[in-house]
Amino acid sequence: MSEFDKGIAFLSVVPMRGEPSDASEQVNVVLFGESFSILEEQPKWIRIQLDHDGYEGWIDRLQYQPISPSYYELLATTPLRVSLDPVQLLQGTGPTDYPLIVQGAYLPFLDAGTIRLEQQSYSFEGAFTTGRKDRNELVDFAFSYLNAPYQWGGRTPFGIDCSGFTQMVYRLAGHYLPRDASQQAKKGTTLSFLEECQPGDLAFFDNAEGAITHVGIVLDDFHIIHASGRVRVDGLDHSGIYNAELGRHTHKLRVLKRMID
């Protein structure tokens, strides 16, 4: 296997498994336009490492498209554009080339309404974002996922977990985070007090063993938007997240982090 065993997702949402089995836990998803290196091959499965965050896992080998070294190298140096619509239908050149994409998907080589996956071109008529945005826009992107159902390993408006939510919101705003909450907590600048927080900062929460297992985006007036059951807004105080519907704290605050100035 050479260093140029590369691929790209051509389907809307590709499940990434912890082990090479359909019955294995979904640990992540690969979105349309995300590229990766192929680390290992089996008859039905490939183990991949995503380019954008280094995350590893197994995907069905029928659910990706191999790409050439020349395309891969160009992709790595081309400004990223990210889809903003909850769902968008692309139109290809063939009668069956109508892939769906979801919010947060990459749009490779978008130019004049056309995107390109190697030799295949698609028409794209949806909204997209590119470049870095400020805190206000980041918070607006967070609310675009409001009421998305919680799904372990998810990163879409149709199913998302806590760290997938923060990663995708930051992606839409042009900032890049690792995949898991414990990885994200190692980034940024630590804040000492909740009163120091600005909208868009991240709050991390730990379990009884002290492991960071949850993350959310801080809002004004001691509130937080996070994925727990669904993407929702709850109260935030020095103890953690307070769920008014349940009448109790649900997550214990561990650390506050500023990821952008």
# chains A, B, ... in the order shown; residues from 1 in each chain; ligands from 1
>>> residues_around(residues="A:Pro108", least_positions_apart="2", cutoff="8 Å", atoms="only C-alpha atoms", output="list in words")
Gly33, Leu75, Leu80, Arg81, Tyr106, Leu110, Ile115, Arg116 and Leu117 of chain A
>>> residues_around(residues="A:Val255", least_positions_apart="4", cutoff="12 Å", atoms="only C-alpha atoms", output="compact mmCIF listing (two decimals) with N, CA and C atoms, in the first residue's frame")
# COMPACT_ATOMS: atom_id res chain seq x y z
N ALA A 181 -14.52 15.06 22.50
CA ALA A 181 -14.51 16.10 23.53
C ALA A 181 -13.18 16.11 24.28
N SER A 182 -12.64 14.95 24.61
CA SER A 182 -11.38 14.88 25.35
C SER A 182 -10.23 15.47 24.55
N GLN A 184 -10.69 17.85 22.11
CA GLN A 184 -10.97 19.28 22.00
C GLN A 184 -10.55 20.02 23.26
N ALA A 185 -10.70 19.38 24.43
CA ALA A 185 -10.38 20.02 25.71
C ALA A 185 -8.90 20.33 25.85
N LYS A 186 -8.05 19.71 25.04
CA LYS A 186 -6.62 19.97 25.09
C LYS A 186 -6.23 21.20 24.27
N LYS A 187 -7.17 21.76 23.54
CA LYS A 187 -6.90 22.92 22.69
C LYS A 187 -7.33 24.21 23.40
N GLY A 188 -6.92 25.32 22.85
CA GLY A 188 -7.41 26.62 23.31
C GLY A 188 -6.79 27.10 24.60
N THR A 189 -7.36 28.20 25.12
CA THR A 189 -6.89 28.87 26.33
C THR A 189 -7.88 28.61 27.46
N THR A 190 -7.38 28.19 28.59
CA THR A 190 -8.24 27.90 29.74
C THR A 190 -8.73 29.19 30.39
N LEU A 191 -10.02 29.22 30.72
CA LEU A 191 -10.62 30.34 31.42
C LEU A 191 -10.87 29.95 32.87
N SER A 192 -10.66 30.89 33.78
CA SER A 192 -10.75 30.57 35.20
C SER A 192 -12.17 30.61 35.74
N PHE A 193 -13.00 31.49 35.17
CA PHE A 193 -14.34 31.69 35.72
C PHE A 193 -15.37 31.74 34.60
N LEU A 194 -16.57 31.32 34.91
CA LEU A 194 -17.66 31.36 33.95
C LEU A 194 -17.93 32.78 33.49
N CYS A 197 -16.37 34.02 30.26
CA CYS A 197 -16.76 33.42 28.98
C CYS A 197 -17.47 34.41 28.08
N ASP A 201 -17.39 30.32 23.30
CA ASP A 201 -16.41 29.54 24.06
C ASP A 201 -16.97 28.14 24.33
N LEU A 202 -16.10 27.23 24.70
CA LEU A 202 -16.52 25.85 24.95
C LEU A 202 -16.44 25.52 26.43
N ALA A 203 -17.42 24.75 26.90
CA ALA A 203 -17.44 24.23 28.27
C ALA A 203 -17.37 22.72 28.19
N PHE A 204 -16.49 22.13 29.02
CA PHE A 204 -16.28 20.69 29.03
C PHE A 204 -16.71 20.12 30.38
N PHE A 205 -17.18 18.88 30.35
CA PHE A 205 -17.77 18.25 31.52
C PHE A 205 -17.21 16.84 31.68
N ASP A 206 -17.04 16.42 32.95
CA ASP A 206 -16.45 15.10 33.17
C ASP A 206 -17.42 14.16 33.88
N GLY A 210 -13.62 11.29 36.32
CA GLY A 210 -12.79 12.44 35.95
C GLY A 210 -12.46 12.54 34.47
N ALA A 211 -13.03 11.65 33.65
CA ALA A 211 -12.79 11.70 32.21
C ALA A 211 -13.75 12.68 31.55
N ILE A 212 -13.23 13.51 30.66
CA ILE A 212 -14.09 14.46 29.94
C ILE A 212 -14.94 13.70 28.94
N THR A 213 -16.25 13.85 29.07
CA THR A 213 -17.18 13.07 28.24
C THR A 213 -18.23 13.93 27.55
N HIS A 214 -18.21 15.25 27.78
CA HIS A 214 -19.26 16.09 27.20
C HIS A 214 -18.70 17.48 26.94
N VAL A 215 -19.28 18.16 25.93
CA VAL A 215 -18.87 19.51 25.58
C VAL A 215 -20.06 20.26 25.01
N GLY A 216 -20.09 21.57 25.21
CA GLY A 216 -21.12 22.42 24.64
C GLY A 216 -20.59 23.81 24.38
N VAL A 218 -20.89 27.81 24.91
CA VAL A 218 -21.39 28.79 25.86
C VAL A 218 -22.16 29.89 25.14
N HIS A 238 -21.67 27.34 37.87
CA HIS A 238 -20.34 26.84 38.26
C HIS A 238 -20.35 25.35 38.56
N SER A 239 -21.51 24.77 38.80
CA SER A 239 -21.60 23.32 39.02
C SER A 239 -21.67 22.55 37.72
N GLY A 240 -22.32 23.14 36.71
CA GLY A 240 -22.44 22.47 35.43
C GLY A 240 -23.71 22.86 34.70
N HIS A 251 -24.81 17.54 34.01
CA HIS A 251 -23.40 17.40 33.65
C HIS A 251 -22.56 18.27 34.58
>>> closest_residue(among="A:Tyr55, A:Tyr71, A:Phe32, A:Phe10", to="A:Arg179", atoms="only C-alpha atoms")
A:Tyr55
>>> closest_residue(among="A:Asp53, A:Glu118, A:Asp111, A:Glu34", to="A:Leu74", atoms="only C-alpha atoms")
A:Glu118
>>> select_by_dssp(residues="stretch 11-241 of chain A", states="alpha helix (DSSP H)", output="PyMOL selection string")
chain A and resi 69-76+135-143+162-172+181-184
>>> write_last_selection(atoms="C-alpha atoms", output="short mmCIF file (atom, residue, chain, number, x, y, z; two decimals), in the first residue's frame")
data_model
loop_
_atom_site.label_atom_id
_atom_site.label_comp_id
_atom_site.auth_asym_id
_atom_site.auth_seq_id
_atom_site.Cartn_x
_atom_site.Cartn_y
_atom_site.Cartn_z
CA PRO A 69 -2.28 11.66 -6.35
CA SER A 70 -2.72 14.74 -8.54
CA TYR A 71 -6.32 15.31 -7.42
CA TYR A 72 -5.39 14.71 -3.77
CA GLU A 73 -2.52 17.18 -3.86
CA LEU A 74 -4.67 19.86 -5.48
CA LEU A 75 -7.43 19.23 -2.94
CA ALA A 76 -5.00 19.79 -0.07
CA ARG A 135 -18.39 34.71 17.32
CA ASN A 136 -21.84 35.97 16.42
CA GLU A 137 -21.93 33.93 13.23
CA LEU A 138 -20.55 30.90 15.06
CA VAL A 139 -23.45 31.08 17.53
CA ASP A 140 -25.90 31.46 14.63
CA PHE A 141 -24.48 28.28 13.11
CA ALA A 142 -24.94 26.52 16.46
CA PHE A 143 -28.64 27.39 16.49
CA CYS A 162 -21.88 16.49 21.59
CA SER A 163 -18.38 16.77 20.14
CA GLY A 164 -19.64 16.28 16.59
CA PHE A 165 -21.86 19.29 17.21
CA THR A 166 -19.03 21.53 18.39
CA GLN A 167 -16.71 20.32 15.64
CA MET A 168 -19.25 21.01 12.89
CA VAL A 169 -20.31 24.42 14.25
CA TYR A 170 -16.67 25.48 14.38
CA ARG A 171 -16.13 24.09 10.86
CA LEU A 172 -18.95 26.23 9.49
CA ALA A 181 -14.51 16.10 23.53
CA SER A 182 -11.38 14.88 25.35
CA GLN A 183 -9.26 15.91 22.35
CA GLN A 184 -10.97 19.28 22.00
#
>>> atom_distance(atom1="atom CA of A:Phe128", atom2="atom CA of A:Leu177")
19.4 Å
>>> closest_atom_pairs(of="stretch 72-169 of chain A", to="stretch 11-20 of chain A", cutoff="9 Å", atoms="only C-alpha atoms", output="Markdown table")
| residue | atom | partner | partner_atom | distance |
| --- | --- | --- | --- | --- |
| A:Pro99 | CA | A:Leu11 | CA | 6.4 |
| A:Leu100 | CA | A:Ser12 | CA | 5.4 |
| A:Ile101 | CA | A:Ser12 | CA | 4.6 |
| A:Val102 | CA | A:Ser12 | CA | 6.4 |
| A:Ala105 | CA | A:Ser12 | CA | 7.9 |
| A:Gly153 | CA | A:Met16 | CA | 8.2 |
| A:Gly154 | CA | A:Pro15 | CA | 8.7 |
| A:Arg155 | CA | A:Val13 | CA | 8.9 |
| A:Thr156 | CA | A:Val13 | CA | 8.3 |
>>> closest_residue(among="A:Ala112, A:Ser228, A:Glu195, A:Ala173", to="A:Tyr150", atoms="only C-alpha atoms")
A:Ser228
>>> residues_around(residues="A:Pro157", least_positions_apart="4", cutoff="9 Å", atoms="only C-alpha atoms", output="list in words")
Pro86, Val87, Val102, Gln103, Ser144, Tyr145, Leu146, Asn147, Ala148 and Pro149 of chain A
>>> write_last_selection(atoms="C-alpha atoms", output="mmCIF file, in the first residue's frame")
data_model
loop_
_atom_site.group_PDB
_atom_site.id
_atom_site.type_symbol
_atom_site.label_atom_id
_atom_site.label_comp_id
_atom_site.auth_asym_id
_atom_site.auth_seq_id
_atom_site.Cartn_x
_atom_site.Cartn_y
_atom_site.Cartn_z
ATOM 1 C CA PRO A 86 -29.594 21.068 5.995
ATOM 2 C CA VAL A 87 -29.818 18.941 2.852
ATOM 3 C CA VAL A 102 -25.966 17.571 4.251
ATOM 4 C CA GLN A 103 -24.942 20.671 6.165
ATOM 5 C CA SER A 144 -29.020 25.992 12.961
ATOM 6 C CA TYR A 145 -28.663 22.531 14.590
ATOM 7 C CA LEU A 146 -31.262 23.209 17.291
ATOM 8 C CA ASN A 147 -33.400 20.103 17.985
ATOM 9 C CA ALA A 148 -31.191 17.831 15.888
ATOM 10 C CA PRO A 149 -31.516 14.374 17.519
#
>>> residues_around(residues="A:Gly57", least_positions_apart="3", cutoff="12 Å", atoms="only C-alpha atoms", output="ChimeraX atom specification")
/A:14-21,24-30,36-41,45-50,54,60,153
>>> write_last_selection(atoms="N, CA and C atoms", output="mmCIF file, in the first residue's frame")
data_model
loop_
_atom_site.group_PDB
_atom_site.id
_atom_site.type_symbol
_atom_site.label_atom_id
_atom_site.label_comp_id
_atom_site.auth_asym_id
_atom_site.auth_seq_id
_atom_site.Cartn_x
_atom_site.Cartn_y
_atom_site.Cartn_z
ATOM 1 N N VAL A 14 -21.390 8.514 5.379
ATOM 2 C CA VAL A 14 -20.863 7.155 5.408
ATOM 3 C C VAL A 14 -20.571 6.765 6.858
ATOM 4 N N PRO A 15 -21.193 5.708 7.384
ATOM 5 C CA PRO A 15 -20.896 5.283 8.752
ATOM 6 C C PRO A 15 -19.445 4.832 8.900
ATOM 7 N N MET A 16 -18.798 5.280 9.961
ATOM 8 C CA MET A 16 -17.455 4.812 10.312
ATOM 9 C C MET A 16 -17.582 3.929 11.543
ATOM 10 N N ARG A 17 -17.065 2.699 11.445
ATOM 11 C CA ARG A 17 -17.211 1.712 12.512
ATOM 12 C C ARG A 17 -15.920 1.566 13.309
ATOM 13 N N GLY A 18 -16.080 1.132 14.565
ATOM 14 C CA GLY A 18 -14.916 0.859 15.386
ATOM 15 C C GLY A 18 -14.184 -0.399 14.963
ATOM 16 N N GLU A 19 -14.918 -1.346 14.395
ATOM 17 C CA GLU A 19 -14.358 -2.608 13.911
ATOM 18 C C GLU A 19 -14.933 -2.889 12.518
ATOM 19 N N PRO A 20 -14.274 -3.772 11.732
ATOM 20 C CA PRO A 20 -14.747 -4.059 10.373
ATOM 21 C C PRO A 20 -15.949 -4.996 10.355
ATOM 22 N N SER A 21 -17.103 -4.469 10.779
ATOM 23 C CA SER A 21 -18.326 -5.264 10.841
ATOM 24 C C SER A 21 -19.524 -4.327 10.816
ATOM 25 N N SER A 24 -20.707 -3.528 14.234
ATOM 26 C CA SER A 24 -19.837 -2.769 15.121
ATOM 27 C C SER A 24 -20.405 -1.374 15.380
ATOM 28 N N GLU A 25 -20.019 -0.810 16.524
ATOM 29 C CA GLU A 25 -20.453 0.521 16.920
ATOM 30 C C GLU A 25 -20.035 1.575 15.891
ATOM 31 N N GLN A 26 -20.962 2.480 15.582
ATOM 32 C CA GLN A 26 -20.618 3.639 14.771
ATOM 33 C C GLN A 26 -19.881 4.642 15.652
ATOM 34 N N VAL A 27 -18.639 4.964 15.283
ATOM 35 C CA VAL A 27 -17.844 5.892 16.079
ATOM 36 C C VAL A 27 -17.787 7.280 15.466
ATOM 37 N N ASN A 28 -18.182 7.382 14.201
ATOM 38 C CA ASN A 28 -18.100 8.653 13.490
ATOM 39 C C ASN A 28 -18.835 8.475 12.165
ATOM 40 N N VAL A 29 -18.935 9.553 11.402
ATOM 41 C CA VAL A 29 -19.419 9.468 10.035
ATOM 42 C C VAL A 29 -18.477 10.254 9.137
ATOM 43 N N VAL A 30 -18.429 9.857 7.869
ATOM 44 C CA VAL A 30 -17.645 10.565 6.862
ATOM 45 C C VAL A 30 -18.632 11.267 5.942
ATOM 46 N N PHE A 36 -9.414 11.156 2.746
ATOM 47 C CA PHE A 36 -8.764 10.341 3.762
ATOM 48 C C PHE A 36 -7.670 9.478 3.155
ATOM 49 N N SER A 37 -6.813 8.970 4.041
ATOM 50 C CA SER A 37 -5.810 7.970 3.671
ATOM 51 C C SER A 37 -6.337 6.588 4.026
ATOM 52 N N ILE A 38 -5.999 5.607 3.205
ATOM 53 C CA ILE A 38 -6.386 4.216 3.459
ATOM 54 C C ILE A 38 -5.238 3.526 4.171
ATOM 55 N N LEU A 39 -5.497 3.030 5.373
ATOM 56 C CA LEU A 39 -4.464 2.441 6.218
ATOM 57 C C LEU A 39 -4.409 0.925 6.120
ATOM 58 N N GLU A 40 -5.545 0.300 5.845
ATOM 59 C CA GLU A 40 -5.627 -1.160 5.847
ATOM 60 C C GLU A 40 -6.822 -1.573 5.007
ATOM 61 N N GLU A 41 -6.701 -2.717 4.330
ATOM 62 C CA GLU A 41 -7.785 -3.190 3.473
ATOM 63 C C GLU A 41 -8.174 -4.622 3.822
ATOM 64 N N TRP A 45 -14.019 -4.212 3.828
ATOM 65 C CA TRP A 45 -13.806 -3.013 4.635
ATOM 66 C C TRP A 45 -12.451 -2.375 4.357
ATOM 67 N N ILE A 46 -12.378 -1.074 4.609
ATOM 68 C CA ILE A 46 -11.087 -0.389 4.635
ATOM 69 C C ILE A 46 -11.002 0.423 5.921
ATOM 70 N N ARG A 47 -9.805 0.464 6.494
ATOM 71 C CA ARG A 47 -9.564 1.325 7.655
ATOM 72 C C ARG A 47 -8.936 2.619 7.156
ATOM 73 N N ILE A 48 -9.504 3.739 7.551
ATOM 74 C CA ILE A 48 -9.097 5.021 7.003
ATOM 75 C C ILE A 48 -8.702 5.985 8.122
ATOM 76 N N GLN A 49 -7.974 7.018 7.714
ATOM 77 C CA GLN A 49 -7.668 8.146 8.594
ATOM 78 C C GLN A 49 -8.100 9.420 7.874
ATOM 79 N N LEU A 50 -9.057 10.131 8.478
ATOM 80 C CA LEU A 50 -9.586 11.343 7.862
ATOM 81 C C LEU A 50 -8.521 12.429 7.821
ATOM 82 N N GLY A 54 -7.685 13.615 11.463
ATOM 83 C CA GLY A 54 -6.869 12.459 11.814
ATOM 84 C C GLY A 54 -7.624 11.296 12.428
ATOM 85 N N ASP A 60 -17.225 0.748 4.823
ATOM 86 C CA ASP A 60 -17.500 -0.214 3.755
ATOM 87 C C ASP A 60 -16.755 0.227 2.498
ATOM 88 N N GLY A 153 -21.738 9.253 17.467
ATOM 89 C CA GLY A 153 -20.936 9.227 16.251
ATOM 90 C C GLY A 153 -21.454 10.128 15.146
#
>>> select_by_dssp(residues="stretch 111-227 of chain A", states="strand (DSSP E)", output="number ranges by chain")
A: 114-117, 120-123, 128-129, 155-156, 159-160, 189-191, 202-206, 212-219, 223-227
>>> write_last_selection(atoms="C-alpha atoms", output="PDB file, in the first residue's frame")
ATOM      1  CA  THR A 114     -19.966  23.177 -10.090  1.00  0.00           C
ATOM      2  CA  ILE A 115     -18.033  20.855  -7.796  1.00  0.00           C
ATOM      3  CA  ARG A 116     -15.655  18.127  -8.890  1.00  0.00           C
ATOM      4  CA  LEU A 117     -14.820  14.698  -7.468  1.00  0.00           C
ATOM      5  CA  GLN A 120     -17.127  13.495 -11.949  1.00  0.00           C
ATOM      6  CA  SER A 121     -18.761  16.941 -11.849  1.00  0.00           C
ATOM      7  CA  TYR A 122     -21.940  17.989 -10.046  1.00  0.00           C
ATOM      8  CA  SER A 123     -24.091  21.100 -10.180  1.00  0.00           C
ATOM      9  CA  PHE A 128     -22.162  27.635   1.319  1.00  0.00           C
ATOM     10  CA  THR A 129     -19.632  29.279   3.585  1.00  0.00           C
ATOM     11  CA  ARG A 155     -22.188  14.894  12.698  1.00  0.00           C
ATOM     12  CA  THR A 156     -25.313  15.931  10.772  1.00  0.00           C
ATOM     13  CA  GLY A 159     -28.125  12.895  14.089  1.00  0.00           C
ATOM     14  CA  ILE A 160     -25.248  14.426  16.035  1.00  0.00           C
ATOM     15  CA  THR A 189      -6.892  28.867  26.331  1.00  0.00           C
ATOM     16  CA  THR A 190      -8.240  27.898  29.742  1.00  0.00           C
ATOM     17  CA  LEU A 191     -10.622  30.345  31.420  1.00  0.00           C
ATOM     18  CA  LEU A 202     -16.521  25.851  24.950  1.00  0.00           C
ATOM     19  CA  ALA A 203     -17.437  24.234  28.266  1.00  0.00           C
ATOM     20  CA  PHE A 204     -16.280  20.690  29.034  1.00  0.00           C
ATOM     21  CA  PHE A 205     -17.774  18.253  31.525  1.00  0.00           C
ATOM     22  CA  ASP A 206     -16.454  15.100  33.167  1.00  0.00           C
ATOM     23  CA  ILE A 212     -14.088  14.460  29.944  1.00  0.00           C
ATOM     24  CA  THR A 213     -17.184  13.074  28.243  1.00  0.00           C
ATOM     25  CA  HIS A 214     -19.259  16.086  27.197  1.00  0.00           C
ATOM     26  CA  VAL A 215     -18.867  19.512  25.577  1.00  0.00           C
ATOM     27  CA  GLY A 216     -21.121  22.418  24.644  1.00  0.00           C
ATOM     28  CA  ILE A 217     -21.012  25.983  23.350  1.00  0.00           C
ATOM     29  CA  VAL A 218     -21.395  28.785  25.864  1.00  0.00           C
ATOM     30  CA  LEU A 219     -24.108  31.391  25.213  1.00  0.00           C
ATOM     31  CA  HIS A 223     -26.729  29.345  29.077  1.00  0.00           C
ATOM     32  CA  ILE A 224     -25.244  26.630  26.912  1.00  0.00           C
ATOM     33  CA  ILE A 225     -26.239  24.945  23.644  1.00  0.00           C
ATOM     34  CA  HIS A 226     -25.240  21.289  23.489  1.00  0.00           C
ATOM     35  CA  ALA A 227     -26.268  17.858  22.194  1.00  0.00           C
TER      36      ALA A 227
END
>>> atom_distance(atom1="atom CA of A:Tyr176", atom2="atom CA of A:Leu253")
22.9 Å
>>> atom_distance(atom1="atom CA of A:Val233", atom2="atom CA of A:Glu196")
19.5 Å
>>> closest_residue(among="A:Lys44, A:His52, A:Arg132, A:Arg254", to="A:Ile241", atoms="only C-alpha atoms")
A:Arg254
